[in-house]
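Q: Below is the file model-v4.txt, which contains compact mmCIF, C-alpha atoms and all ligand atoms.
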# COMPACT_ATOMS: atom_id res chain seq x y z
CA MET C 1 0.00 0.00 0.00
CA THR C 2 1.38 3.41 -0.93
CA GLU C 3 1.04 6.53 1.18
CA GLN C 4 -1.50 7.90 -1.32
CA GLN C 5 -4.05 5.13 -0.77
CA ILE C 6 -6.08 6.20 2.20
CA VAL C 7 -6.89 3.52 4.72
CA ASP C 8 -9.83 3.82 7.09
CA LEU C 9 -9.19 3.97 10.82
CA PRO C 10 -10.38 1.20 13.20
CA ALA C 11 -14.01 1.23 14.31
CA SER C 12 -15.22 -0.01 17.68
CA LYS C 13 -18.34 0.34 19.77
CA PHE C 14 -20.01 -1.15 22.81
CA LEU C 15 -23.04 -3.46 22.56
CA ALA C 16 -25.12 -5.12 25.25
CA LEU C 17 -23.88 -8.60 26.12
CA ASP C 18 -27.16 -10.41 25.64
CA ASP C 19 -27.87 -11.16 22.00
CA VAL C 20 -24.59 -9.66 20.86
CA ASP C 21 -24.75 -11.84 17.74
CA GLU C 22 -28.15 -10.37 16.82
CA GLN C 23 -26.81 -6.85 17.12
CA LEU C 24 -23.65 -7.26 15.05
CA PRO C 25 -23.79 -4.88 12.10
CA ARG C 26 -24.81 -6.85 8.98
CA GLU C 27 -23.24 -4.40 6.53
CA LYS C 28 -19.78 -4.74 8.10
CA ASN C 29 -17.34 -7.54 8.79
CA VAL C 30 -16.48 -8.26 12.39
CA LEU C 31 -12.83 -8.27 13.41
CA GLY C 32 -13.39 -9.05 17.06
CA VAL C 33 -15.85 -9.26 19.93
CA ILE C 34 -14.32 -8.63 23.34
CA ASN C 35 -16.81 -9.63 26.03
CA TYR C 36 -16.36 -7.81 29.32
CA THR C 37 -18.35 -10.43 31.12
CA SER C 38 -18.87 -12.59 34.21
CA SER C 39 -16.38 -15.36 33.42
CA ALA C 40 -13.11 -15.86 31.52
CA ALA C 41 -12.52 -17.93 28.39
CA ASP C 42 -9.55 -18.43 26.09
CA PRO C 43 -9.52 -16.49 22.83
CA GLU C 44 -11.20 -18.35 19.98
CA VAL C 45 -11.74 -17.72 16.27
CA SER C 46 -14.34 -20.32 15.29
CA ARG C 47 -16.91 -17.74 14.11
CA GLY C 48 -14.64 -16.03 11.61
CA HIS C 49 -13.59 -13.31 14.02
CA LEU C 50 -11.69 -13.08 17.31
CA ARG C 51 -13.72 -13.69 20.46
CA VAL C 52 -12.57 -13.52 24.03
CA ASP C 53 -14.38 -13.47 27.37
CA ILE C 54 -12.72 -11.34 30.01
CA HIS C 55 -13.89 -11.62 33.60
CA MET C 56 -14.61 -7.96 34.32
CA ALA C 57 -18.20 -7.99 35.58
CA GLY C 58 -19.91 -9.48 38.63
CA SER C 59 -22.91 -10.39 36.49
CA GLU C 60 -23.68 -10.29 32.76
CA ALA C 61 -25.99 -7.33 33.36
CA ASP C 62 -22.96 -5.29 34.46
CA GLY C 63 -20.91 -6.25 31.39
CA PHE C 64 -20.84 -5.27 27.74
CA ALA C 65 -19.26 -6.35 24.45
CA GLU C 66 -16.68 -4.23 22.63
CA VAL C 67 -17.07 -4.92 18.91
CA TRP C 68 -14.45 -4.08 16.28
CA THR C 69 -15.67 -3.93 12.66
CA THR C 70 -14.15 -3.44 9.21
CA ASP C 71 -15.18 -3.15 5.56
CA ARG C 72 -12.43 -5.52 4.43
CA PRO C 73 -12.51 -9.34 4.55
CA VAL C 74 -11.26 -10.84 7.81
CA GLU C 75 -8.82 -13.71 8.20
CA THR C 76 -8.38 -15.52 11.51
CA GLY C 77 -5.95 -17.96 13.06
CA GLU C 78 -4.05 -19.06 16.15
CA PHE C 79 -0.37 -18.90 16.90
CA GLY C 80 1.34 -20.03 20.12
CA GLY C 81 -1.86 -19.70 22.15
CA ILE C 82 -2.67 -16.28 20.67
CA GLY C 83 -5.97 -15.97 18.77
CA TYR C 84 -6.06 -13.38 16.02
CA ALA C 85 -8.15 -11.73 13.32
CA HIS C 86 -6.88 -9.29 10.71
CA ASP C 87 -8.12 -7.44 7.64
CA ASP C 88 -4.78 -6.65 5.93
CA GLU C 89 -4.62 -3.27 7.68
CA TYR C 90 -5.46 -3.97 11.32
CA LEU C 91 -4.75 -6.93 13.55
CA LEU C 92 -6.62 -7.74 16.73
CA CYS C 93 -5.14 -10.53 18.82
CA ALA C 94 -5.62 -11.87 22.32
CA GLY C 95 -3.89 -14.18 24.77
CA ARG C 96 -4.25 -15.51 28.28
CA ILE C 97 -1.87 -16.50 31.04
CA ALA C 98 -3.44 -19.12 33.31
CA PRO C 99 -3.61 -18.42 37.07
CA ALA C 100 -0.12 -19.05 38.49
CA GLU C 101 2.05 -18.50 41.57
CA HIS C 102 4.01 -15.84 39.69
CA TYR C 103 3.57 -14.20 36.32
CA ALA C 104 6.75 -12.64 34.92
CA GLU C 105 7.77 -15.67 32.92
CA GLY C 106 4.28 -16.54 31.66
CA THR C 107 3.78 -12.90 30.66
CA ARG C 108 7.09 -12.79 28.82
CA VAL C 109 6.31 -16.00 26.93
CA ALA C 110 2.76 -14.92 25.98
CA TYR C 111 3.90 -11.44 24.95
CA GLN C 112 6.73 -12.94 22.91
CA ALA C 113 4.21 -15.09 21.00
CA MET C 114 2.08 -12.00 20.39
CA LEU C 115 5.07 -9.94 19.17
CA GLU C 116 6.27 -12.80 16.96
CA LEU C 117 2.80 -13.08 15.45
CA MET C 118 2.75 -9.32 14.73
CA ASP C 119 6.15 -9.62 13.04
CA SER C 120 5.22 -12.64 10.95
CA LEU C 121 1.96 -11.08 9.70
CA GLY C 122 3.65 -7.74 8.98
CA TYR C 123 1.92 -5.65 11.65
CA LYS C 124 4.82 -3.58 12.91
CA ASN C 125 2.85 -0.85 14.66
CA CYS C 126 1.59 -1.83 18.10
CA VAL C 127 -1.23 0.68 18.66
CA ARG C 128 -3.07 -0.21 21.86
CA MET C 129 -2.99 -2.98 24.49
CA TRP C 130 -5.36 -3.97 27.25
CA ASN C 131 -4.15 -6.13 30.17
CA PHE C 132 -6.51 -7.60 32.78
CA VAL C 133 -4.76 -8.90 35.86
CA ASN C 134 -6.59 -10.92 38.50
CA HIS C 135 -5.44 -10.22 42.11
CA ILE C 136 -3.49 -7.27 40.72
CA ASN C 137 -2.60 -5.80 44.15
CA GLU C 138 -1.89 -9.10 45.87
CA ASP C 139 1.56 -10.59 46.31
CA ASN C 140 2.82 -13.52 44.26
CA SER C 141 4.43 -16.53 45.94
CA GLU C 142 7.70 -14.58 46.25
CA GLY C 143 6.16 -11.55 47.91
CA MET C 144 6.13 -9.31 44.83
CA GLU C 145 2.89 -7.52 43.94
CA ILE C 146 1.30 -9.29 40.95
CA TYR C 147 1.09 -6.04 38.94
CA ARG C 148 4.85 -5.53 39.37
CA ASP C 149 5.46 -9.18 38.49
CA PHE C 150 3.43 -8.68 35.29
CA CYS C 151 5.31 -5.44 34.47
CA LYS C 152 8.61 -7.33 34.72
CA GLY C 153 7.58 -9.98 32.17
CA ARG C 154 6.16 -7.34 29.83
CA ALA C 155 9.33 -5.23 29.97
CA GLU C 156 11.45 -8.30 29.23
CA ALA C 157 9.36 -9.26 26.20
CA PHE C 158 9.45 -5.75 24.72
CA GLU C 159 13.20 -5.68 25.28
CA LEU C 160 13.67 -9.00 23.46
CA PHE C 161 11.84 -7.53 20.47
CA HIS C 162 13.88 -4.30 20.62
CA PHE C 163 10.93 -2.08 21.44
CA GLY C 164 12.39 1.18 22.69
CA ASP C 165 10.33 3.17 25.18
CA THR C 166 8.96 5.34 22.40
CA SER C 167 7.63 2.38 20.43
CA VAL C 168 5.49 0.84 23.18
CA PRO C 169 1.70 1.10 22.75
CA SER C 170 -0.72 3.00 24.92
CA ALA C 171 -2.22 0.50 27.34
CA THR C 172 -4.44 -0.39 30.21
CA GLY C 173 -3.20 -2.56 33.10
CA ILE C 174 -6.18 -3.12 35.37
CA GLY C 175 -7.62 -5.61 37.83
CA SER C 176 -9.99 -8.37 36.80
CA LEU C 177 -12.27 -10.76 38.65
CA GLY C 178 -10.71 -14.04 37.50
CA GLY C 179 -8.81 -16.00 34.90
CA GLY C 180 -5.15 -15.14 35.57
CA ILE C 181 -4.03 -12.49 33.08
CA ALA C 182 -5.86 -11.78 29.82
CA PHE C 183 -4.72 -9.31 27.18
CA TYR C 184 -5.60 -8.08 23.72
CA VAL C 185 -3.85 -5.87 21.24
CA LEU C 186 -4.66 -3.67 18.27
CA ALA C 187 -1.85 -3.34 15.70
CA SER C 188 -1.65 -1.63 12.33
CA ARG C 189 0.15 -2.38 9.11
CA SER C 190 0.26 0.88 7.12
CA ALA C 191 -1.56 3.36 9.38
CA ALA C 192 1.01 5.49 11.21
CA LEU C 193 1.23 6.10 14.92
CA ILE C 194 2.73 8.69 17.22
CA PRO C 195 3.12 7.81 20.92
CA ILE C 196 1.99 10.71 23.09
CA GLU C 197 3.07 11.49 26.65
CA ASN C 198 1.36 13.81 29.14
CA SER C 199 3.52 16.82 30.01
CA LYS C 200 1.97 16.80 33.51
CA GLN C 201 2.94 13.19 34.21
CA ILE C 202 6.26 11.36 34.18
CA SER C 203 6.28 8.78 31.40
CA ALA C 204 5.29 5.45 32.97
CA TYR C 205 8.42 3.81 31.49
CA ASN C 206 10.47 6.31 33.53
CA TYR C 207 8.75 5.68 36.88
CA PRO C 208 11.31 5.32 39.70
CA LYS C 209 12.16 1.91 41.20
CA GLN C 210 9.81 2.40 44.18
CA TYR C 211 6.97 1.16 41.91
CA GLY C 212 8.67 -2.12 41.05
CA PRO C 213 11.82 -3.59 39.51
CA ARG C 214 10.75 -2.86 35.92
CA PRO C 215 8.56 0.12 35.04
CA PRO C 216 5.22 -0.26 33.26
CA LYS C 217 5.99 -0.03 29.55
CA PHE C 218 3.19 1.95 27.97
CA ALA C 219 2.53 5.29 26.31
CA ARG C 220 -0.05 7.72 27.73
CA ALA C 221 -1.83 7.81 24.36
CA THR C 222 -1.36 6.81 20.73
CA TYR C 223 -2.22 9.05 17.80
CA LEU C 224 -3.21 6.86 14.83
CA SER C 225 -3.59 8.31 11.34
CA THR C 226 -3.72 6.93 7.82
CA THR C 227 -0.40 8.57 6.89
CA GLY C 228 2.49 9.88 8.96
CA ALA C 229 1.92 13.34 7.45
CA ASP C 230 -1.68 13.59 8.67
CA ARG C 231 -1.52 15.51 11.94
CA ILE C 232 -5.17 16.54 11.84
CA SER C 233 -7.66 13.74 11.33
CA GLY C 234 -6.23 10.83 13.34
CA GLN C 235 -7.74 8.99 16.29
CA ILE C 236 -6.32 9.21 19.80
CA TYR C 237 -6.26 6.09 21.97
CA VAL C 238 -6.06 7.26 25.59
CA ALA C 239 -4.34 4.84 27.99
CA GLY C 240 -5.85 4.02 31.36
CA THR C 241 -5.44 7.31 33.23
CA SER C 242 -5.59 7.88 36.94
CA SER C 243 -4.96 10.35 39.74
CA ILE C 244 -1.21 10.58 39.18
CA ARG C 245 0.89 13.73 38.84
CA GLY C 246 4.58 13.41 38.15
CA HIS C 247 4.84 9.81 39.28
CA GLU C 248 2.88 10.22 42.52
CA THR C 249 -0.63 9.15 43.42
CA LEU C 250 -2.65 12.12 44.64
CA PHE C 251 -5.82 12.20 46.80
CA ALA C 252 -5.63 8.61 48.10
CA GLY C 253 -8.93 7.77 49.77
CA ASP C 254 -10.88 10.58 48.05
CA VAL C 255 -12.59 9.06 45.02
CA GLU C 256 -14.17 12.31 43.88
CA LYS C 257 -10.89 14.21 43.81
CA GLN C 258 -9.19 11.23 42.16
CA THR C 259 -11.86 11.18 39.45
CA LEU C 260 -11.46 14.91 38.82
CA LEU C 261 -7.67 14.63 38.53
CA ALA C 262 -7.91 11.65 36.18
CA LEU C 263 -10.28 13.70 34.00
CA GLU C 264 -7.96 16.70 34.17
CA ASN C 265 -5.06 14.49 33.09
CA ILE C 266 -7.01 13.24 30.07
CA ALA C 267 -8.22 16.74 29.15
CA HIS C 268 -4.60 17.95 29.16
CA LEU C 269 -3.31 14.87 27.33
CA VAL C 270 -5.70 15.25 24.36
CA GLY C 271 -5.87 19.05 24.49
CA PRO C 272 -4.17 21.46 22.07
CA GLU C 273 -1.28 22.47 24.34
CA ASN C 274 -0.03 18.90 24.89
CA LEU C 275 -0.66 17.85 21.27
CA ALA C 276 1.28 20.86 19.95
CA ASP C 277 4.46 19.11 21.17
CA TYR C 278 3.72 16.47 18.49
CA GLN C 279 2.61 18.95 15.79
CA ILE C 280 -0.89 17.46 16.03
CA GLU C 281 -3.53 20.04 15.25
CA GLN C 282 -6.61 18.99 17.17
CA ARG C 283 -8.52 20.92 19.80
CA ASN C 284 -10.01 18.09 21.82
CA ALA C 285 -11.79 18.29 25.12
CA LEU C 286 -13.28 15.59 27.36
CA ALA C 287 -16.51 15.88 25.38
CA ASP C 288 -14.66 14.39 22.37
CA LEU C 289 -13.84 11.17 24.19
CA ASP C 290 -15.93 8.09 23.32
CA THR C 291 -16.02 4.32 24.00
CA ILE C 292 -14.98 5.20 27.54
CA LYS C 293 -14.24 2.68 30.27
CA VAL C 294 -14.29 3.81 33.87
CA TYR C 295 -12.81 1.37 36.36
CA VAL C 296 -13.90 1.86 39.98
CA ARG C 297 -12.35 -0.08 42.87
CA HIS C 298 -15.27 0.15 45.33
CA ARG C 299 -18.78 -0.56 44.06
CA ASP C 300 -20.27 2.04 46.44
CA ASP C 301 -18.20 4.76 44.77
CA ILE C 302 -19.71 4.17 41.32
CA PRO C 303 -22.64 6.65 41.65
CA ALA C 304 -20.32 9.52 42.68
CA VAL C 305 -17.89 8.72 39.86
CA GLN C 306 -20.79 8.50 37.38
CA ARG C 307 -22.11 11.88 38.46
CA ILE C 308 -18.74 13.59 37.95
CA CYS C 309 -18.12 11.87 34.62
CA ALA C 310 -21.58 12.82 33.32
CA GLU C 311 -20.65 16.48 33.86
CA HIS C 312 -17.64 16.15 31.54
CA PHE C 313 -18.39 13.55 28.87
CA SER C 314 -20.64 14.04 25.86
CA PRO C 315 -24.18 12.76 26.49
CA ASP C 316 -23.71 10.80 23.25
CA ALA C 317 -20.53 9.05 24.41
CA GLN C 318 -20.61 5.34 25.20
CA VAL C 319 -19.42 4.88 28.79
CA ALA C 320 -19.00 1.57 30.63
CA TYR C 321 -18.39 1.36 34.39
CA LEU C 322 -16.54 -1.67 35.76
CA ASN C 323 -16.01 -2.54 39.41
CA VAL C 324 -12.43 -3.85 39.58
CA ASP C 325 -9.12 -3.14 41.31
CA VAL C 326 -6.64 -0.58 39.96
CA CYS C 327 -2.87 -1.05 39.47
CA ARG C 328 -1.80 0.86 42.59
CA SER C 329 -3.58 0.06 45.85
CA ASP C 330 -3.98 3.80 46.58
CA LEU C 331 -5.85 4.43 43.31
CA SER C 332 -9.66 4.16 43.42
CA VAL C 333 -10.54 5.02 39.85
CA GLU C 334 -9.12 4.94 36.33
CA ILE C 335 -10.48 6.15 32.98
CA GLU C 336 -9.66 5.41 29.32
CA GLY C 337 -11.27 6.14 25.96
CA ILE C 338 -10.80 6.96 22.31
CA VAL C 339 -11.13 10.25 20.44
CA HIS C 340 -12.62 8.71 17.30
CA ALA C 341 -13.54 11.71 15.24
CA ALA C 342 -11.15 14.56 15.60
CA ASN C 343 -12.26 18.03 16.50
CA ARG C 344 -10.28 19.53 13.66
CA GLY C 345 -10.09 23.21 14.62
CA ALA C 346 -6.53 24.45 14.07
CA ALA C 347 -4.49 24.38 17.24
C1 LIG R 401 -2.85 4.25 35.93
C2 LIG R 401 -1.64 3.92 35.47
O1 LIG R 401 -1.28 2.75 34.90
C3 LIG R 401 -2.21 1.75 34.54
C4 LIG R 401 -1.42 0.58 34.09
C5 LIG R 401 -1.06 0.40 32.77
C6 LIG R 401 -0.21 -0.73 32.36
O2 LIG R 401 0.53 -1.25 33.18
O3 LIG R 401 -0.28 -1.12 31.17
C7 LIG R 401 -1.53 1.29 31.78
C8 LIG R 401 -2.39 2.29 32.12
C9 LIG R 401 -3.12 2.21 33.40
O4 LIG R 401 -4.12 1.24 33.21
C10 LIG R 401 -0.53 4.89 35.57
O5 LIG R 401 0.60 4.44 35.78
O6 LIG R 401 -0.78 6.10 35.42
Now that the file is in, can you turn its structure into structure tokens?
Ligand SMILES: C=C(O[C@@H]1C=C(C(=O)O)C=C[C@H]1O)C(=O)O
A:
Amino acid sequence: MTEQQIVDLPASKFLALDDVDEQLPREKNVLGVINYTSSAADPEVSRGHLRVDIHMAGSEADGFAEVWTTDRPVETGEFGGIGYAHDDEYLLCAGRIAPAEHYAEGTRVAYQAMLELMDSLGYKNCVRMWNFVNHINEDNSEGMEIYRDFCKGRAEAFELFHFGDTSVPSATGIGSLGGGIAFYVLASRSAALIPIENSKQISAYNYPKQYGPRPPKFARATYLSTTGADRISGQIYVAGTSSIRGHETLFAGDVEKQTLLALENIAHLVGPENLADYQIEQRNALADLDTIKVYVRHRDDIPAVQRICAEHFSPDAQVAYLNVDVCRSDLSVEIEGIVHAANRGAA
């Protein structure tokens, strides 16, 4: 594909879990269905697209399905325990690490399979990753917090594949309700990406050692556009964002203040001042965020978090609330989303 041929950008939306098959758009092909549901299942591709069940909801009524669609034909397969679907421009793949006493090695091996698959299919741009870690704040059998254990394996795998800090994807690393560790990835073949950091936060890959032996390797956001020259009409994938300034957690124990700071962090991240550092000309605000996931540690806090979010998000945005743990035990809330359609006003 040459730079002149314009490729569409990925499309995703949330559907209700019940009857998801009935609701799948008939005029499109399905790349993947990610069920945020009440049990875990290995990735599978028997229906001509990628399917994976991630244990993120106490009951099906609290869950939802994230559906990725495309106009191009979809091919599926499995490689080293990784299920995948791709349409010649975008690859969606998923893997799982069974419950274990420690996770660094299993994470490294599963990530290696995923990175090898990307290489072999020609998807060199790792756009966005989601990681769901059961017992994320508990210690492994050697006394290391499971999130830190996971971060170690991930850092090792990226290192083996020569991913420098500025080529890691934006990501989410969040608690789940069961199933060891599950992950899925969106990668692109010809669409270009720019990793974006937040000038008000230290890059996660530069966090000091107090947060674990290997830092979390992810970008704060990824700008994805059809060509490298297009700094106007791309999408922005916002990583899981929390109440962190510099590298420090702020407002521990105050969920409302933590929600407001997480929102402020996202507003700055996707806003014109931060994007100007990357010559991206978009004037986004929180109202431009869509397909939003809000992770809340304590179920009782959900109404307060919902109230604050409703004041900032577009009434038309899709927003899912999930009651799970967050990567640091002093964080009560975390928010992610995608700016799908750019607000193109010149910066
Ligand atoms: C909230 C933070 O990190 C979380 C953990 C991530 C990971 O390990 O992949 C990515 C984003 C967040 O889900 C943060 O460090 O700011």
Q: As a ChimeraX atom specification, please: every protein or nucleic acid residue near ligand LIG 401 (chain R) (cut-off 8 Å, counting only C-alpha atoms and all ligand atoms).
A: /C:129-131,147,151,170-174,204,216-220,239-244,247,326-328,331,334,336
Q: Rounded to one decimal place, report the CA of Asp277 (chain C)-CA of Ala192 (chain C) distance in Å.
A: 17.2 Å
Q: Using all atoms listed in the file, what table do you get, as CSV, when you list each residue of region 273-298 of chain C with an atom no more than 12 Å from region 221-224 of chain C, its nearest pair of atoms, and their distance in Å rounded to one decimal, rows by chain then rising number?
A:
residue,atom,partner,partner_atom,distance
C:Asn274,CA,C:Ala221,CA,11.2
C:Leu275,CA,C:Tyr223,CA,9.6
C:Tyr278,CA,C:Tyr223,CA,9.5
C:Gln279,CA,C:Tyr223,CA,11.2
C:Ile280,CA,C:Tyr223,CA,8.7
C:Glu281,CA,C:Tyr223,CA,11.4
C:Gln282,CA,C:Tyr223,CA,10.9
Q: Could you pull the residues within 12 Å of Val20 (chain C), counting all atoms listed in the file, minus those fewer than 5 positions along the same chain, as a VMD selection string?
A: chain C and resid 13 to 15 25 30 32 to 36 51 60 63 to 67
Q: Please indicate the distance in Å from CA of Leu261 (chain C) to CA of Asp288 (chain C), rounded to one decimal place.
A: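 Atom-to-atom, CA of Leu261 (chain C) to CA of Asp288 (chain C), that is 17.6 Å.
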Q: Provide an axis-aligned box for all listed atoms of region 120-139 of chain C, padding each side by 3 Å; report its centre and its edge lengths in Å to one decimal, as JSON.
A:
{"center_x": -0.7, "center_y": -6.0, "center_z": 27.6, "size_x": 17.8, "size_y": 19.3, "size_z": 43.3}
Q: Ranking C:His102, C:Lys152, C:Arg231, C:Arg47 by minimum distance to His135 (chain C) and counting all atoms listed in the file, which one comes first?
A: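 Smallest separation from His135 (chain C) among the options: C:His102.
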Q: Quick one: everything within 7 Å of Gly83 (chain C), counting all atoms listed in the file, minus sequence neighbours fewer than 2 positions away in the same chain. Send it as a list in words.
A: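 Once the adjacent positions are removed, what remains is Pro43, Glu44, Val45, Leu50, Gly77, Glu78, Phe79, Gly81, Cys93, Ala94 and Gly95 of chain C.
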Q: Please save C-alpha atoms of the selected residues as a PDB file, in the frame of the given file.
A:
ATOM      1  CA  PRO C  43      -9.520 -16.490  22.830  1.00  0.00           C
ATOM      2  CA  GLU C  44     -11.200 -18.350  19.980  1.00  0.00           C
ATOM      3  CA  VAL C  45     -11.740 -17.720  16.270  1.00  0.00           C
ATOM      4  CA  LEU C  50     -11.690 -13.080  17.310  1.00  0.00           C
ATOM      5  CA  GLY C  77      -5.950 -17.960  13.060  1.00  0.00           C
ATOM      6  CA  GLU C  78      -4.050 -19.060  16.150  1.00  0.00           C
ATOM      7  CA  PHE C  79      -0.370 -18.900  16.900  1.00  0.00           C
ATOM      8  CA  GLY C  81      -1.860 -19.700  22.150  1.00  0.00           C
ATOM      9  CA  CYS C  93      -5.140 -10.530  18.820  1.00  0.00           C
ATOM     10  CA  ALA C  94      -5.620 -11.870  22.320  1.00  0.00           C
ATOM     11  CA  GLY C  95      -3.890 -14.180  24.770  1.00  0.00           C
TER      12      GLY C  95
END
Q: Using all atoms listed in the file, determine which residues lie at most 12 Å from Asn125 (chain C), disregarding the query and same-chain residues fewer than 5 positions distant; provide the list as number ranges by chain.
A: C: 89-92, 115, 118-119, 163, 166-170, 185-195, 222-225
Q: Put region 214-227 of chain C into a file with N, CA, C and O atoms, as a PDB file, in the first residue's frame.
A:
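Done, and the output landed in out.pdb:
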ATOM      1  N   ARG C 214      10.791  -3.324  37.315  1.00  0.00           N
ATOM      2  CA  ARG C 214      10.755  -2.860  35.919  1.00  0.00           C
ATOM      3  C   ARG C 214       9.534  -1.965  35.762  1.00  0.00           C
ATOM      4  O   ARG C 214       8.437  -2.305  36.203  1.00  0.00           O
ATOM      5  N   PRO C 215       9.692  -0.799  35.147  1.00  0.00           N
ATOM      6  CA  PRO C 215       8.556   0.124  35.037  1.00  0.00           C
ATOM      7  C   PRO C 215       7.497  -0.397  34.064  1.00  0.00           C
ATOM      8  O   PRO C 215       7.795  -1.226  33.211  1.00  0.00           O
ATOM      9  N   PRO C 216       6.276   0.121  34.208  1.00  0.00           N
ATOM     10  CA  PRO C 216       5.222  -0.261  33.259  1.00  0.00           C
ATOM     11  C   PRO C 216       5.535   0.336  31.888  1.00  0.00           C
ATOM     12  O   PRO C 216       5.698   1.550  31.754  1.00  0.00           O
ATOM     13  N   LYS C 217       5.607  -0.506  30.886  1.00  0.00           N
ATOM     14  CA  LYS C 217       5.987  -0.030  29.547  1.00  0.00           C
ATOM     15  C   LYS C 217       4.737   0.276  28.745  1.00  0.00           C
ATOM     16  O   LYS C 217       4.139  -0.610  28.124  1.00  0.00           O
ATOM     17  N   PHE C 218       4.321   1.526  28.804  1.00  0.00           N
ATOM     18  CA  PHE C 218       3.193   1.949  27.965  1.00  0.00           C
ATOM     19  C   PHE C 218       3.276   3.442  27.710  1.00  0.00           C
ATOM     20  O   PHE C 218       3.945   4.166  28.446  1.00  0.00           O
ATOM     21  N   ALA C 219       2.624   3.872  26.642  1.00  0.00           N
ATOM     22  CA  ALA C 219       2.529   5.295  26.305  1.00  0.00           C
ATOM     23  C   ALA C 219       1.220   5.833  26.872  1.00  0.00           C
ATOM     24  O   ALA C 219       0.259   5.089  27.045  1.00  0.00           O
ATOM     25  N   ARG C 220       1.176   7.117  27.169  1.00  0.00           N
ATOM     26  CA  ARG C 220      -0.053   7.725  27.728  1.00  0.00           C
ATOM     27  C   ARG C 220      -1.177   7.755  26.700  1.00  0.00           C
ATOM     28  O   ARG C 220      -2.347   7.736  27.049  1.00  0.00           O
ATOM     29  N   ALA C 221      -0.822   7.853  25.424  1.00  0.00           N
ATOM     30  CA  ALA C 221      -1.828   7.815  24.359  1.00  0.00           C
ATOM     31  C   ALA C 221      -1.119   7.472  23.057  1.00  0.00           C
ATOM     32  O   ALA C 221       0.109   7.568  22.964  1.00  0.00           O
ATOM     33  N   THR C 222      -1.904   7.047  22.068  1.00  0.00           N
ATOM     34  CA  THR C 222      -1.363   6.814  20.733  1.00  0.00           C
ATOM     35  C   THR C 222      -2.213   7.574  19.734  1.00  0.00           C
ATOM     36  O   THR C 222      -3.446   7.459  19.738  1.00  0.00           O
ATOM     37  N   TYR C 223      -1.550   8.368  18.904  1.00  0.00           N
ATOM     38  CA  TYR C 223      -2.223   9.052  17.799  1.00  0.00           C
ATOM     39  C   TYR C 223      -2.097   8.154  16.578  1.00  0.00           C
ATOM     40  O   TYR C 223      -0.984   7.767  16.200  1.00  0.00           O
ATOM     41  N   LEU C 224      -3.220   7.780  15.973  1.00  0.00           N
ATOM     42  CA  LEU C 224      -3.213   6.864  14.834  1.00  0.00           C
ATOM     43  C   LEU C 224      -3.839   7.561  13.631  1.00  0.00           C
ATOM     44  O   LEU C 224      -4.972   8.027  13.705  1.00  0.00           O
ATOM     45  N   SER C 225      -3.075   7.642  12.542  1.00  0.00           N
ATOM     46  CA  SER C 225      -3.592   8.306  11.340  1.00  0.00           C
ATOM     47  C   SER C 225      -3.210   7.492  10.108  1.00  0.00           C
ATOM     48  O   SER C 225      -2.313   6.659  10.162  1.00  0.00           O
ATOM     49  N   THR C 226      -3.915   7.761   9.012  1.00  0.00           N
ATOM     50  CA  THR C 226      -3.717   6.932   7.821  1.00  0.00           C
ATOM     51  C   THR C 226      -2.332   7.136   7.216  1.00  0.00           C
ATOM     52  O   THR C 226      -1.775   6.211   6.630  1.00  0.00           O
ATOM     53  N   THR C 227      -1.780   8.344   7.346  1.00  0.00           N
ATOM     54  CA  THR C 227      -0.403   8.573   6.890  1.00  0.00           C
ATOM     55  C   THR C 227       0.350   9.325   7.986  1.00  0.00           C
ATOM     56  O   THR C 227      -0.257  10.035   8.798  1.00  0.00           O
TER      57      THR C 227
END
